[in-house]
$ cat protein-v4.cif   # mmCIF, C-alpha atoms
data_upload
#
loop_
_atom_site.label_atom_id
_atom_site.label_comp_id
_atom_site.auth_asym_id
_atom_site.auth_seq_id
_atom_site.Cartn_x
_atom_site.Cartn_y
_atom_site.Cartn_z
CA MET A 1 91.91 98.33 -97.45
CA THR A 2 92.06 100.71 -94.55
CA ILE A 3 91.12 104.35 -95.09
CA LYS A 4 92.61 106.55 -92.39
CA GLY A 5 90.99 109.86 -91.51
CA LYS A 6 91.89 112.44 -88.92
CA LEU A 7 89.92 115.07 -87.04
CA VAL A 8 91.64 117.85 -85.13
CA LEU A 9 89.56 119.83 -82.66
CA ILE A 10 90.83 123.04 -81.17
CA ARG A 11 89.27 125.51 -78.78
CA HIS A 12 90.13 129.18 -79.39
CA GLY A 13 92.99 130.88 -77.50
CA GLN A 14 92.45 133.01 -74.43
CA THR A 15 89.96 135.88 -74.85
CA THR A 16 89.31 139.05 -72.88
CA TYR A 17 86.29 137.32 -71.31
CA ASN A 18 88.33 134.22 -70.40
CA GLU A 19 90.90 136.46 -68.75
CA GLN A 20 88.21 138.09 -66.61
CA HIS A 21 86.31 134.81 -65.99
CA LEU A 22 83.16 136.04 -67.69
CA MET A 23 80.65 133.74 -69.29
CA THR A 24 80.94 134.37 -73.02
CA GLY A 25 78.32 132.38 -74.86
CA GLN A 26 77.86 133.87 -78.31
CA ALA A 27 79.33 137.30 -77.42
CA ASP A 28 82.19 137.99 -79.82
CA ALA A 29 85.01 138.47 -77.29
CA PRO A 30 88.38 138.96 -79.04
CA LEU A 31 91.59 137.04 -78.39
CA THR A 32 94.05 138.62 -75.95
CA PRO A 33 97.72 138.94 -77.01
CA LEU A 34 98.32 135.75 -74.98
CA GLY A 35 95.43 134.08 -76.81
CA GLU A 36 97.04 134.97 -80.14
CA GLU A 37 100.36 133.61 -78.94
CA GLN A 38 98.64 130.37 -77.84
CA ALA A 39 97.06 130.03 -81.28
CA ARG A 40 100.45 130.47 -83.02
CA GLU A 41 101.97 127.91 -80.69
CA ALA A 42 99.10 125.53 -81.49
CA GLY A 43 100.12 125.80 -85.15
CA LEU A 44 103.64 124.66 -84.26
CA CYS A 45 102.18 121.76 -82.25
CA LEU A 46 100.41 120.53 -85.38
CA GLY A 47 103.76 119.42 -86.81
CA ALA A 48 103.43 117.96 -90.28
CA LEU A 49 99.63 117.79 -90.29
CA ALA A 50 98.19 119.00 -93.58
CA PHE A 51 94.47 119.69 -93.68
CA ASP A 52 92.08 118.93 -96.48
CA LYS A 53 89.44 121.11 -94.88
CA VAL A 54 89.26 123.59 -92.02
CA TYR A 55 86.09 124.77 -90.29
CA SER A 56 85.65 127.40 -87.65
CA SER A 57 82.68 128.84 -85.85
CA THR A 58 81.49 132.24 -87.03
CA LEU A 59 82.81 133.87 -83.85
CA SER A 60 86.07 135.75 -84.36
CA ARG A 61 87.98 134.06 -81.53
CA ALA A 62 87.61 130.68 -83.21
CA PHE A 63 88.25 131.93 -86.75
CA ASN A 64 91.35 133.92 -85.72
CA THR A 65 92.70 130.99 -83.72
CA ALA A 66 92.41 128.85 -86.86
CA VAL A 67 94.12 131.54 -88.98
CA LEU A 68 97.03 132.04 -86.57
CA ALA A 69 97.51 128.29 -86.15
CA LEU A 70 97.47 127.70 -89.90
CA GLU A 71 100.01 130.51 -90.39
CA THR A 72 102.61 128.92 -88.16
CA SER A 73 101.84 125.32 -89.17
CA ALA A 74 104.31 123.74 -91.58
CA ASN A 75 102.16 122.14 -94.23
CA ASN A 76 99.04 124.18 -94.90
CA ALA A 77 100.10 126.82 -97.44
CA HIS A 78 97.75 125.11 -99.92
CA LEU A 79 94.83 126.54 -97.92
CA ASN A 80 96.02 130.11 -98.44
CA LYS A 81 94.77 131.79 -101.58
CA ASP A 82 96.18 135.30 -102.18
CA GLY A 83 96.70 135.86 -98.46
CA VAL A 84 93.23 134.61 -97.47
CA TRP A 85 92.83 131.37 -95.54
CA ASP A 86 90.26 128.95 -96.84
CA ILE A 87 88.30 128.33 -93.63
CA GLU A 88 84.62 127.50 -93.77
CA GLN A 89 82.79 129.38 -91.06
CA SER A 90 79.72 127.68 -89.67
CA PRO A 91 77.19 129.05 -87.17
CA VAL A 92 76.29 125.46 -86.23
CA ILE A 93 79.47 125.22 -84.15
CA MET A 94 79.12 128.55 -82.37
CA GLU A 95 79.50 128.41 -78.59
CA SER A 96 76.34 127.50 -76.68
CA HIS A 97 74.05 130.47 -76.15
CA ALA A 98 74.49 131.69 -72.56
CA GLY A 99 71.27 133.75 -72.62
CA ASP A 100 70.88 136.01 -69.58
CA PHE A 101 74.21 134.82 -68.17
CA GLU A 102 76.24 136.24 -71.03
CA GLY A 103 78.92 138.61 -69.74
CA MET A 104 78.35 137.71 -66.08
CA HIS A 105 81.20 136.63 -63.85
CA MET A 106 81.44 132.82 -63.62
CA ASP A 107 81.19 133.03 -59.82
CA ASP A 108 78.00 135.11 -59.92
CA PRO A 109 75.50 133.41 -57.61
CA ARG A 110 72.87 133.59 -60.35
CA ILE A 111 75.12 131.29 -62.38
CA THR A 112 76.49 129.07 -59.62
CA GLY A 113 73.03 128.75 -58.06
CA TYR A 114 71.27 127.90 -61.29
CA LEU A 115 69.86 124.39 -61.26
CA ARG A 116 71.35 122.89 -64.38
CA SER A 117 70.45 119.70 -66.12
CA TYR A 118 71.31 118.22 -69.46
CA ILE A 119 67.99 119.28 -70.99
CA THR A 120 67.32 122.51 -69.07
CA PRO A 121 68.30 125.59 -71.08
CA LEU A 122 70.06 128.54 -69.46
CA PRO A 123 67.57 131.42 -69.03
CA ASN A 124 66.93 132.67 -72.58
CA GLY A 125 69.83 130.53 -73.71
CA GLU A 126 70.49 126.99 -74.84
CA SER A 127 70.58 123.63 -73.08
CA ASP A 128 73.59 121.33 -73.31
CA TRP A 129 71.29 118.91 -75.09
CA GLN A 130 70.44 121.46 -77.81
CA VAL A 131 74.13 122.13 -78.39
CA VAL A 132 74.88 118.41 -78.65
CA GLN A 133 72.03 118.02 -81.15
CA ARG A 134 73.38 120.70 -83.48
CA VAL A 135 76.97 119.50 -83.16
CA GLU A 136 75.83 115.95 -83.89
CA LYS A 137 74.22 117.15 -87.12
CA PHE A 138 77.40 118.98 -88.10
CA TYR A 139 79.53 115.95 -87.23
CA ARG A 140 77.36 113.59 -89.23
CA ASN A 141 76.79 115.81 -92.27
CA GLU A 142 80.10 117.65 -92.60
CA ILE A 143 82.83 115.80 -90.73
CA LEU A 144 82.13 112.06 -90.96
CA PRO A 145 81.74 111.91 -94.77
CA ARG A 146 85.16 113.58 -95.09
CA ILE A 147 86.74 111.30 -92.50
CA GLU A 148 85.30 108.29 -94.33
CA ARG A 149 87.02 109.53 -97.52
CA GLY A 150 90.32 109.66 -95.63
CA GLU A 151 90.55 113.43 -95.18
CA THR A 152 92.29 115.33 -92.40
CA VAL A 153 89.96 117.97 -91.02
CA MET A 154 90.38 120.72 -88.44
CA VAL A 155 87.57 122.34 -86.49
CA ALA A 156 88.27 125.50 -84.49
CA ALA A 157 85.52 126.14 -81.99
CA HIS A 158 84.70 126.54 -78.31
CA ALA A 159 84.78 124.74 -74.98
CA GLY A 160 81.07 123.89 -75.14
CA ILE A 161 81.45 122.65 -78.69
CA VAL A 162 84.46 120.45 -77.85
CA HIS A 163 82.40 118.99 -74.98
CA ALA A 164 79.53 118.39 -77.40
CA PHE A 165 81.90 116.68 -79.88
CA ASP A 166 83.12 114.48 -77.02
CA VAL A 167 79.51 113.51 -76.28
CA VAL A 168 78.74 112.87 -79.93
CA MET A 169 81.86 110.71 -80.24
CA GLY A 170 81.04 108.83 -77.05
CA LEU A 171 84.08 110.05 -75.09
CA GLU A 172 81.99 111.97 -72.60
CA ILE A 173 78.75 110.63 -71.19
CA PRO A 174 76.20 113.37 -70.51
CA ASP A 175 74.96 113.27 -66.93
CA PRO A 176 71.19 113.99 -66.96
CA LYS A 177 71.53 116.04 -63.78
CA LYS A 178 74.80 117.89 -64.33
CA GLY A 179 74.91 118.20 -68.10
CA ILE A 180 78.17 118.48 -70.00
CA TRP A 181 79.60 121.45 -68.12
CA GLY A 182 79.25 119.61 -64.83
CA SER A 183 81.64 116.85 -65.88
CA GLY A 184 84.56 118.61 -64.21
CA HIS A 185 86.57 118.16 -67.41
CA ARG A 186 87.98 121.49 -68.63
CA ILE A 187 88.81 122.14 -72.24
CA ALA A 188 92.13 123.97 -72.51
CA ASN A 189 92.55 126.97 -74.81
CA ALA A 190 94.25 126.41 -78.16
CA THR A 191 95.39 122.85 -77.47
CA PRO A 192 94.68 120.56 -80.43
CA ILE A 193 93.07 117.19 -79.83
CA ILE A 194 93.69 114.61 -82.55
CA PHE A 195 91.15 111.90 -83.32
CA GLU A 196 92.27 109.01 -85.53
CA TYR A 197 89.82 107.02 -87.64
CA GLU A 198 90.04 103.82 -89.63
CA ASN A 199 87.28 103.29 -92.19
CA GLY A 200 85.10 105.84 -90.45
CA ILE A 201 85.45 104.33 -86.97
CA MET A 202 87.45 106.18 -84.32
CA THR A 203 90.37 104.11 -83.11
CA ASP A 204 92.39 106.53 -80.98
CA HIS A 205 92.67 110.08 -79.74
CA HIS A 206 95.19 112.21 -77.91
CA GLN A 207 95.73 115.82 -76.98
CA LEU A 208 98.86 117.72 -77.99
CA GLU A 209 100.80 119.86 -75.55
CA ASN A 210 100.75 123.64 -75.92
CA THR A 211 103.50 125.19 -73.80
CA LYS A 212 101.79 128.59 -73.89
CA VAL A 213 98.75 127.16 -72.14
CA PRO A 214 98.90 126.43 -68.41
CA ALA A 215 97.98 122.87 -67.46
CA ALA A 216 96.53 121.53 -70.67
CA ILE A 217 94.01 118.95 -69.61
CA GLN A 218 93.82 115.56 -71.23
CA PRO A 219 90.43 114.39 -72.43
CA PRO A 220 88.82 111.60 -70.40
CA LYS A 221 90.09 108.15 -71.23
CA SER A 222 86.83 106.24 -70.83
CA GLY A 223 84.84 104.87 -73.69
CA ILE A 224 87.61 104.99 -76.29
CA SER A 225 87.29 102.45 -79.04
CA LYS A 226 90.44 100.44 -79.26
CA PRO A 227 92.29 99.59 -82.46
CA LYS A 228 90.59 96.75 -84.22
CA PRO A 229 91.76 93.23 -83.40
CA MET B 230 67.58 66.48 -105.64
CA THR B 231 69.49 67.82 -102.65
CA LYS B 232 68.30 70.99 -101.07
CA THR B 233 70.35 74.19 -101.10
CA LYS B 234 71.05 75.08 -97.50
CA GLY B 235 71.64 78.69 -96.51
CA THR B 236 72.47 80.04 -93.06
CA LEU B 237 72.00 83.50 -91.62
CA VAL B 238 73.58 84.44 -88.30
CA LEU B 239 72.51 87.67 -86.62
CA PHE B 240 73.73 89.31 -83.49
CA ARG B 241 73.49 92.63 -81.75
CA HIS B 242 76.69 94.45 -80.75
CA GLY B 243 78.23 93.96 -77.29
CA GLN B 244 77.60 96.23 -74.35
CA THR B 245 78.31 99.97 -74.66
CA GLU B 246 78.49 102.70 -72.03
CA TYR B 247 75.03 103.91 -73.11
CA ASN B 248 73.60 100.39 -72.70
CA LYS B 249 74.89 100.34 -69.15
CA LEU B 250 73.17 103.65 -68.41
CA HIS B 251 70.02 102.79 -70.44
CA TYR B 252 70.55 105.84 -72.63
CA MET B 253 69.02 105.92 -76.08
CA THR B 254 71.87 105.55 -78.55
CA GLY B 255 70.35 105.69 -82.03
CA LEU B 256 72.93 106.75 -84.60
CA ARG B 257 75.50 107.97 -82.08
CA ASP B 258 78.71 105.99 -82.45
CA ILE B 259 79.22 104.80 -78.89
CA ALA B 260 82.09 102.36 -78.39
CA LEU B 261 82.02 98.95 -76.71
CA THR B 262 82.91 98.72 -73.03
CA PRO B 263 85.59 96.15 -72.02
CA MET B 264 82.67 93.90 -71.05
CA GLY B 265 81.15 94.48 -74.50
CA GLU B 266 84.40 93.31 -76.05
CA ASP B 267 84.33 90.20 -73.85
CA GLN B 268 80.77 89.55 -75.00
CA ALA B 269 81.91 89.88 -78.61
CA ARG B 270 84.67 87.33 -77.98
CA GLU B 271 82.10 85.03 -76.38
CA ALA B 272 79.87 85.48 -79.45
CA GLY B 273 82.88 84.42 -81.51
CA SER B 274 83.32 81.20 -79.58
CA ARG B 275 79.60 80.52 -79.95
CA ILE B 276 79.89 80.66 -83.74
CA GLU B 277 83.05 78.57 -83.83
CA GLY B 278 82.82 76.30 -86.84
CA PHE B 279 80.55 78.57 -88.87
CA VAL B 280 82.39 79.52 -92.04
CA PHE B 281 80.95 82.71 -93.44
CA ASP B 282 80.84 83.53 -97.12
CA LYS B 283 79.95 87.10 -96.34
CA ALA B 284 79.88 89.35 -93.28
CA TYR B 285 77.94 92.59 -92.91
CA SER B 286 77.77 95.12 -90.13
CA SER B 287 76.11 98.45 -89.68
CA THR B 288 78.33 101.47 -90.26
CA LEU B 289 78.53 102.09 -86.51
CA GLY B 290 81.71 101.15 -84.68
CA ARG B 291 80.02 99.06 -81.98
CA ALA B 292 78.52 96.72 -84.59
CA PHE B 293 81.63 96.56 -86.77
CA ASN B 294 83.98 95.94 -83.86
CA THR B 295 81.67 93.27 -82.39
CA ALA B 296 81.75 91.47 -85.72
CA ALA B 297 85.53 91.84 -86.04
CA ILE B 298 86.20 90.55 -82.53
CA ALA B 299 83.73 87.68 -82.96
CA LEU B 300 85.20 86.62 -86.31
CA GLU B 301 88.69 86.76 -84.86
CA ASN B 302 87.64 84.56 -81.97
CA SER B 303 85.57 82.15 -84.07
CA GLY B 304 88.79 80.64 -85.41
CA SER B 305 87.06 79.58 -88.62
CA ASN B 306 86.90 82.78 -90.63
CA ASP B 307 90.43 83.96 -91.35
CA HIS B 308 89.59 83.84 -95.07
CA LEU B 309 87.62 87.07 -94.45
CA LYS B 310 90.77 88.92 -93.37
CA ASN B 311 92.21 91.61 -95.60
CA PRO B 312 95.94 91.52 -96.44
CA ASP B 313 96.48 94.37 -93.92
CA GLY B 314 94.97 92.32 -91.09
CA THR B 315 91.64 94.18 -90.96
CA TRP B 316 88.38 92.33 -91.47
CA ASN B 317 86.46 92.28 -94.71
CA ILE B 318 83.09 93.16 -93.22
CA GLU B 319 80.83 95.20 -95.46
CA LYS B 320 79.42 98.19 -93.65
CA ARG B 321 75.87 99.03 -94.64
CA PRO B 322 73.90 102.15 -93.71
CA GLU B 323 70.57 100.32 -94.15
CA ILE B 324 71.10 98.40 -90.93
CA VAL B 325 72.19 101.18 -88.58
CA GLU B 326 70.14 101.46 -85.41
CA GLY B 327 66.82 103.31 -85.56
CA ASP B 328 67.39 107.05 -85.36
CA SER B 329 66.34 108.14 -81.87
CA GLY B 330 66.48 111.81 -82.93
CA ASP B 331 66.04 114.28 -80.09
CA PHE B 332 66.05 111.49 -77.51
CA THR B 333 69.59 110.39 -78.34
CA GLY B 334 71.88 110.38 -75.31
CA ARG B 335 69.02 110.56 -72.81
CA ASP B 336 67.94 108.05 -70.19
CA LYS B 337 64.99 106.09 -71.57
CA LEU B 338 63.91 104.94 -68.10
CA THR B 339 63.77 108.34 -66.41
CA ASP B 340 63.67 111.16 -68.95
CA PRO B 341 60.21 112.71 -68.58
CA GLU B 342 59.91 113.70 -72.24
CA ILE B 343 60.80 110.19 -73.39
CA LEU B 344 58.37 108.59 -70.93
CA ALA B 345 55.56 110.90 -72.00
CA TYR B 346 56.06 110.36 -75.71
CA PRO B 347 53.37 108.15 -77.30
CA ARG B 348 54.75 105.03 -78.95
CA LYS B 349 53.27 103.81 -82.15
CA TYR B 350 54.70 101.63 -84.86
CA ASP B 351 54.35 104.31 -87.51
CA LEU B 352 55.06 107.36 -85.33
CA ALA B 353 58.58 108.71 -85.65
CA LEU B 354 60.51 109.84 -82.60
CA PRO B 355 60.99 113.64 -82.65
CA ASN B 356 63.50 114.36 -85.44
CA GLY B 357 64.13 110.63 -85.60
CA GLU B 358 62.66 107.54 -87.21
CA SER B 359 59.60 105.37 -86.76
CA ASP B 360 59.82 101.62 -86.24
CA GLU B 361 58.03 101.29 -89.57
CA GLN B 362 60.78 103.21 -91.38
CA MET B 363 63.48 101.16 -89.69
CA VAL B 364 61.75 97.89 -90.57
CA ALA B 365 61.27 99.03 -94.19
CA ARG B 366 64.98 99.68 -94.76
CA THR B 367 65.96 96.45 -92.98
CA LYS B 368 63.47 94.46 -95.04
CA LYS B 369 64.78 95.95 -98.28
CA PHE B 370 68.31 95.00 -97.26
CA TYR B 371 67.16 91.49 -96.31
CA ASP B 372 65.20 90.96 -99.52
CA GLU B 373 67.79 92.36 -101.91
CA GLU B 374 71.07 91.48 -100.22
CA ILE B 375 70.56 88.52 -97.90
CA VAL B 376 67.86 86.35 -99.47
CA PRO B 377 69.70 85.88 -102.82
CA ARG B 378 72.78 84.72 -100.91
CA LEU B 379 70.75 82.28 -98.82
CA GLU B 380 69.14 80.94 -101.99
CA ARG B 381 72.63 80.31 -103.37
CA GLY B 382 73.45 78.36 -100.22
CA GLU B 383 75.71 80.89 -98.55
CA THR B 384 76.42 81.38 -94.85
CA VAL B 385 76.02 85.04 -93.94
CA LEU B 386 76.76 87.06 -90.81
CA VAL B 387 75.03 90.34 -89.92
CA SER B 388 76.15 92.36 -86.90
CA SER B 389 73.74 95.11 -85.98
CA HIS B 390 71.56 96.55 -83.24
CA SER B 391 68.61 95.66 -81.04
CA GLY B 392 66.11 97.57 -83.19
CA ILE B 393 67.49 95.95 -86.33
CA MET B 394 67.37 92.46 -84.75
CA ILE B 395 63.64 92.95 -84.20
CA ALA B 396 63.24 94.48 -87.66
CA PHE B 397 64.90 91.36 -89.12
CA GLU B 398 62.43 89.15 -87.27
CA ILE B 399 59.57 91.10 -88.83
CA ALA B 400 61.25 90.96 -92.25
CA ILE B 401 61.90 87.22 -91.93
CA GLY B 402 58.37 86.59 -90.65
CA THR B 403 59.12 85.19 -87.21
CA ARG B 404 57.48 88.18 -85.49
CA PRO B 405 54.20 89.88 -86.40
CA VAL B 406 54.04 93.59 -87.14
CA PRO B 407 53.27 95.02 -83.71
CA GLU B 408 50.24 97.16 -82.96
CA THR B 409 51.97 99.68 -80.69
CA ASP B 410 55.73 99.73 -81.07
CA ILE B 411 58.41 97.10 -81.30
CA TRP B 412 59.60 97.67 -77.76
CA SER B 413 56.28 96.93 -76.07
CA ASN B 414 55.66 93.71 -74.16
CA ARG B 415 59.05 92.26 -74.70
CA GLN B 416 62.42 91.83 -73.15
CA GLY B 417 65.41 93.61 -74.61
CA VAL B 418 67.58 91.95 -77.21
CA PRO B 419 70.65 90.57 -75.41
CA ASN B 420 74.05 91.92 -76.39
CA ALA B 421 76.26 89.85 -78.70
CA THR B 422 74.09 86.72 -78.65
CA PRO B 423 74.04 84.94 -82.01
CA VAL B 424 70.75 83.80 -83.51
CA VAL B 425 70.93 81.29 -86.36
CA TYR B 426 68.36 81.07 -89.16
CA GLU B 427 68.57 77.98 -91.37
CA TYR B 428 67.13 77.95 -94.87
CA GLU B 429 66.46 75.25 -97.44
CA ASP B 430 65.95 76.39 -101.01
CA GLY B 431 65.44 79.91 -99.71
CA LYS B 432 62.79 78.90 -97.16
CA LEU B 433 63.28 79.29 -93.41
CA VAL B 434 63.22 75.83 -91.80
CA ASN B 435 64.70 76.42 -88.35
CA HIS B 436 65.96 79.16 -86.07
CA TYR B 437 67.59 79.18 -82.67
CA GLN B 438 69.71 81.22 -80.32
CA VAL B 439 73.21 79.81 -79.88
CA ALA B 440 73.86 78.67 -76.33
CA PRO B 441 77.23 79.39 -74.72
CA ALA B 442 79.99 77.00 -75.67
CA PRO B 443 80.63 74.34 -73.01
CA PRO B 444 83.56 75.30 -70.80
CA LYS B 445 86.86 74.01 -72.11
CA PRO B 446 88.54 71.37 -69.93
CA ALA B 447 90.96 73.01 -67.53
CA LYS B 448 94.53 72.92 -68.74
CA GLN B 449 96.87 70.82 -66.74
CA GLY B 450 99.54 72.88 -65.01
CA PRO B 451 103.21 72.18 -65.64
CA LYS B 452 104.59 69.42 -63.52
CA VAL B 453 107.06 70.58 -60.93
#
$ encode --input "protein-v4.cif" --output "structure tokens"
Amino acid sequence: MTIKGKLVLIRHGQTTYNEQHLMTGQADAPLTPLGEEQAREAGLCLGALAFDKVYSSTLSRAFNTAVLALETSANNAHLNKDGVWDIEQSPVIMESHAGDFEGMHMDDPRITGYLRSYITPLPNGESDWQVVQRVEKFYRNEILPRIERGETVMVAAHAGIVHAFDVVMGLEIPDPKKGIWGSGHRIANATPIIFEYENGIMTDHHQLENTKVPAAIQPPKSGISKPKP
Amino acid sequence: MTKTKGTLVLFRHGQTEYNKLHYMTGLRDIALTPMGEDQAREAGSRIEGFVFDKAYSSTLGRAFNTAAIALENSGSNDHLKNPDGTWNIEKRPEIVEGDSGDFTGRDKLTDPEILAYPRKYDLALPNGESDEQMVARTKKFYDEEIVPRLERGETVLVSSHSGIMIAFEIAIGTRPVPETDIWSNRQGVPNATPVVYEYEDGKLVNHYQVAPAPPKPAKQGPKV
């Protein structure tokens, strides 16, 4: 018998920091009105998907994106108890800690000139490797057991966390020299990515299209496990 | 009285992207490359004629899919297919690859922290597992799950990982417990290459790696 599970990953909608191209890290930058609109649109994109469990990071941009998406989605009223959405907030999937670079413009020479590697942390911040390690723990302890039971799970988080998920799931190969941010692959705001599983093994994935987000970028196609023979 | 003959066939999964890059994989579920899938098909043709009573794989996709592709291509195991076309391969957590902990996803040939880390049989990798732990869980699986089947005369397939292949050898007794670690002084375990262990009345009598099947005679083209 085949047990089918589904994981939906979504990065938060646009924030004030995104709008100004500032490095955010774990600063709690709020969604802009456009970011809220993107999150509502993401809910419409979800179609008939009904979640058994929803997680978000403890940062408000991720939690509010999940709330707004659930509100406009068709089949998730069961997660709303007396007006409150049942979303488990976890610090393990907070954005990677940007350390001294937090709040700096992305083009700041201190950022662009910083010699990154997969295992080198940002000054007083985290390394890509550390983020992947914590996301891997979360994936293995929280997500996979649910997927193996056939649940449909949503995780609302951050660009760095979606990258880390991609690494953990083998869709993105970390380059020792460039790390996961150097892959050139951008994670679009509020654009759900659906991962399909059969008996706990990923068989397919695809990204939905959010019309409120310019140029939603498809995840890399390499390393995808194909449907079983 | 005739002897009860049991057969155990082991192979490691086919090539993955991490194998290509010599990254440590551990418990990360990295998929097969197209070449890895070809290797799995080749493994299937090498075990053509083996009729398995039971197939196991680790819970990781690369091991399960290698087994599924190999069984499909063996041509002699359709009785292990589920009604929905999937394969009845029992996934077992005891035979997942050794947990490479903090070193997962890093290049084992160049990463300075990996190169500097002392290797001992009973020393766990940082936040990971020791060879000893991995061998212990593999041995328990072998003793409790595999040996009784072999004693009953069954033919059993196990699709797993390089670390587990070596752990099986230690559990079976064809390799001594190493002094340093299991990776020292040896060549890597080849991808998707079946090794056959033959038993009589529960005792190992023979073991060999299965050579590639001889090339099939070229098909004659249609006459014009």
$ atom_distance --input "protein-v4.cif" --atom1 "CA of Ile343 (chain B)" --atom2 "CA of Leu256 (chain B)"
16.9 Å
$ atom_distance --input "protein-v4.cif" --atom1 "CA of Glu37 (chain A)" --atom2 "CA of Leu68 (chain A)"
8.5 Å
$ interface_residues --input "protein-v4.cif" --of "chain B" --to "chain A" --cutoff "9 Å" --atoms "only C-alpha atoms" --output "CSV table (one decimal) with C-alpha atoms, keeping the file's coordinate frame"
chain,number,residue,atom,x,y,z
B,245,THR,CA,78.3,100.0,-74.7
B,246,GLU,CA,78.5,102.7,-72.0
B,247,TYR,CA,75.0,103.9,-73.1
B,257,ARG,CA,75.5,108.0,-82.1
B,258,ASP,CA,78.7,106.0,-82.4
B,259,ILE,CA,79.2,104.8,-78.9
B,260,ALA,CA,82.1,102.4,-78.4
B,261,LEU,CA,82.0,99.0,-76.7
B,262,THR,CA,82.9,98.7,-73.0
B,263,PRO,CA,85.6,96.2,-72.0
B,288,THR,CA,78.3,101.5,-90.3
B,289,LEU,CA,78.5,102.1,-86.5
B,290,GLY,CA,81.7,101.2,-84.7
B,291,ARG,CA,80.0,99.1,-82.0
B,293,PHE,CA,81.6,96.6,-86.8
B,294,ASN,CA,84.0,95.9,-83.9
B,297,ALA,CA,85.5,91.8,-86.0
B,298,ILE,CA,86.2,90.6,-82.5
B,301,GLU,CA,88.7,86.8,-84.9
B,311,ASN,CA,92.2,91.6,-95.6
B,312,PRO,CA,95.9,91.5,-96.4
B,313,ASP,CA,96.5,94.4,-93.9
B,314,GLY,CA,95.0,92.3,-91.1
B,315,THR,CA,91.6,94.2,-91.0
B,316,TRP,CA,88.4,92.3,-91.5
B,317,ASN,CA,86.5,92.3,-94.7
B,330,GLY,CA,66.5,111.8,-82.9
B,331,ASP,CA,66.0,114.3,-80.1
B,333,THR,CA,69.6,110.4,-78.3
B,334,GLY,CA,71.9,110.4,-75.3
B,335,ARG,CA,69.0,110.6,-72.8
B,336,ASP,CA,67.9,108.0,-70.2
B,340,ASP,CA,63.7,111.2,-69.0
$ residues_around --input "protein-v4.cif" --residues "region 24-36 of chain A" --least-positions-apart "4" --cutoff "7 Å" --atoms "all atoms listed in the file" --output "PyMOL selection string"
chain A and resi 13-17+40+59-61+65+94-98+102-103
$ residues_around --input "protein-v4.cif" --residues "Gln438 (chain B)" --least-positions-apart "5" --cutoff "12 Å" --atoms "all atoms listed in the file" --output "number ranges by chain"
B: 237-240, 272, 275-276, 418-419, 421-427
$ atom_distance --input "protein-v4.cif" --atom1 "CA of Asn435 (chain B)" --atom2 "CA of Val325 (chain B)"
25.9 Å
$ residues_around --input "protein-v4.cif" --residues "Thr233 (chain B)" --least-positions-apart "5" --cutoff "7 Å" --atoms "all atoms listed in the file" --output "mmCIF file with C-alpha atoms, keeping the file's coordinate frame"
data_model
loop_
_atom_site.group_PDB
_atom_site.id
_atom_site.type_symbol
_atom_site.label_atom_id
_atom_site.label_comp_id
_atom_site.auth_asym_id
_atom_site.auth_seq_id
_atom_site.Cartn_x
_atom_site.Cartn_y
_atom_site.Cartn_z
ATOM 1 C CA GLU B 380 69.140 80.940 -101.990
ATOM 2 C CA ARG B 381 72.630 80.310 -103.370
ATOM 3 C CA GLY B 382 73.450 78.360 -100.220
ATOM 4 C CA GLU B 429 66.460 75.250 -97.440
ATOM 5 C CA ASP B 430 65.950 76.390 -101.010
#
$ resolve_selection --input "protein-v4.cif" --expression "the PyMOL selection byres ((chain B and resi 300) around 10)" --output "ChimeraX atom specification"
/A:229 /B:269-270,272-274,276-277,279-281,284,294-299,301-307,309-310,316,318,386
$ axis_aligned_box --input "protein-v4.cif" --around "region 157-167 of chain A" --padding-each-side "4 Å" --output "AutoDock Vina command-line options"
--center_x 82.5 --center_y 120.0 --center_z -78.5 --size_x 14.0 --size_y 21.0 --size_z 15.0
$ residues_around --input "protein-v4.cif" --residues "Ala188 (chain A)" --least-positions-apart "4" --cutoff "12 Å" --atoms "all atoms listed in the file" --output "ChimeraX atom specification"
/A:9-14,18,35,38-39,42,157-160,162-163,192-193,207-219
$ residues_near_point --input "protein-v4.cif" --point "(73.4, 129.1, -62.5)" --cutoff "12 Å" --atoms "all atoms listed in the file" --output "ChimeraX atom specification"
/A:23,98-102,104-117,120-123,125,178,181-182
$ write_last_selection --input "protein-v4.cif" --atoms "C-alpha atoms" --output "short mmCIF file (atom, residue, chain, number, x, y, z; two decimals), in the frame of the given file"
data_model
loop_
_atom_site.label_atom_id
_atom_site.label_comp_id
_atom_site.auth_asym_id
_atom_site.auth_seq_id
_atom_site.Cartn_x
_atom_site.Cartn_y
_atom_site.Cartn_z
CA MET A 23 80.65 133.74 -69.29
CA ALA A 98 74.49 131.69 -72.56
CA GLY A 99 71.27 133.75 -72.62
CA ASP A 100 70.88 136.01 -69.58
CA PHE A 101 74.21 134.82 -68.17
CA GLU A 102 76.24 136.24 -71.03
CA MET A 104 78.35 137.71 -66.08
CA HIS A 105 81.20 136.63 -63.85
CA MET A 106 81.44 132.82 -63.62
CA ASP A 107 81.19 133.03 -59.82
CA ASP A 108 78.00 135.11 -59.92
CA PRO A 109 75.50 133.41 -57.61
CA ARG A 110 72.87 133.59 -60.35
CA ILE A 111 75.12 131.29 -62.38
CA THR A 112 76.49 129.07 -59.62
CA GLY A 113 73.03 128.75 -58.06
CA TYR A 114 71.27 127.90 -61.29
CA LEU A 115 69.86 124.39 -61.26
CA ARG A 116 71.35 122.89 -64.38
CA SER A 117 70.45 119.70 -66.12
CA THR A 120 67.32 122.51 -69.07
CA PRO A 121 68.30 125.59 -71.08
CA LEU A 122 70.06 128.54 -69.46
CA PRO A 123 67.57 131.42 -69.03
CA GLY A 125 69.83 130.53 -73.71
CA LYS A 178 74.80 117.89 -64.33
CA TRP A 181 79.60 121.45 -68.12
CA GLY A 182 79.25 119.61 -64.83
#
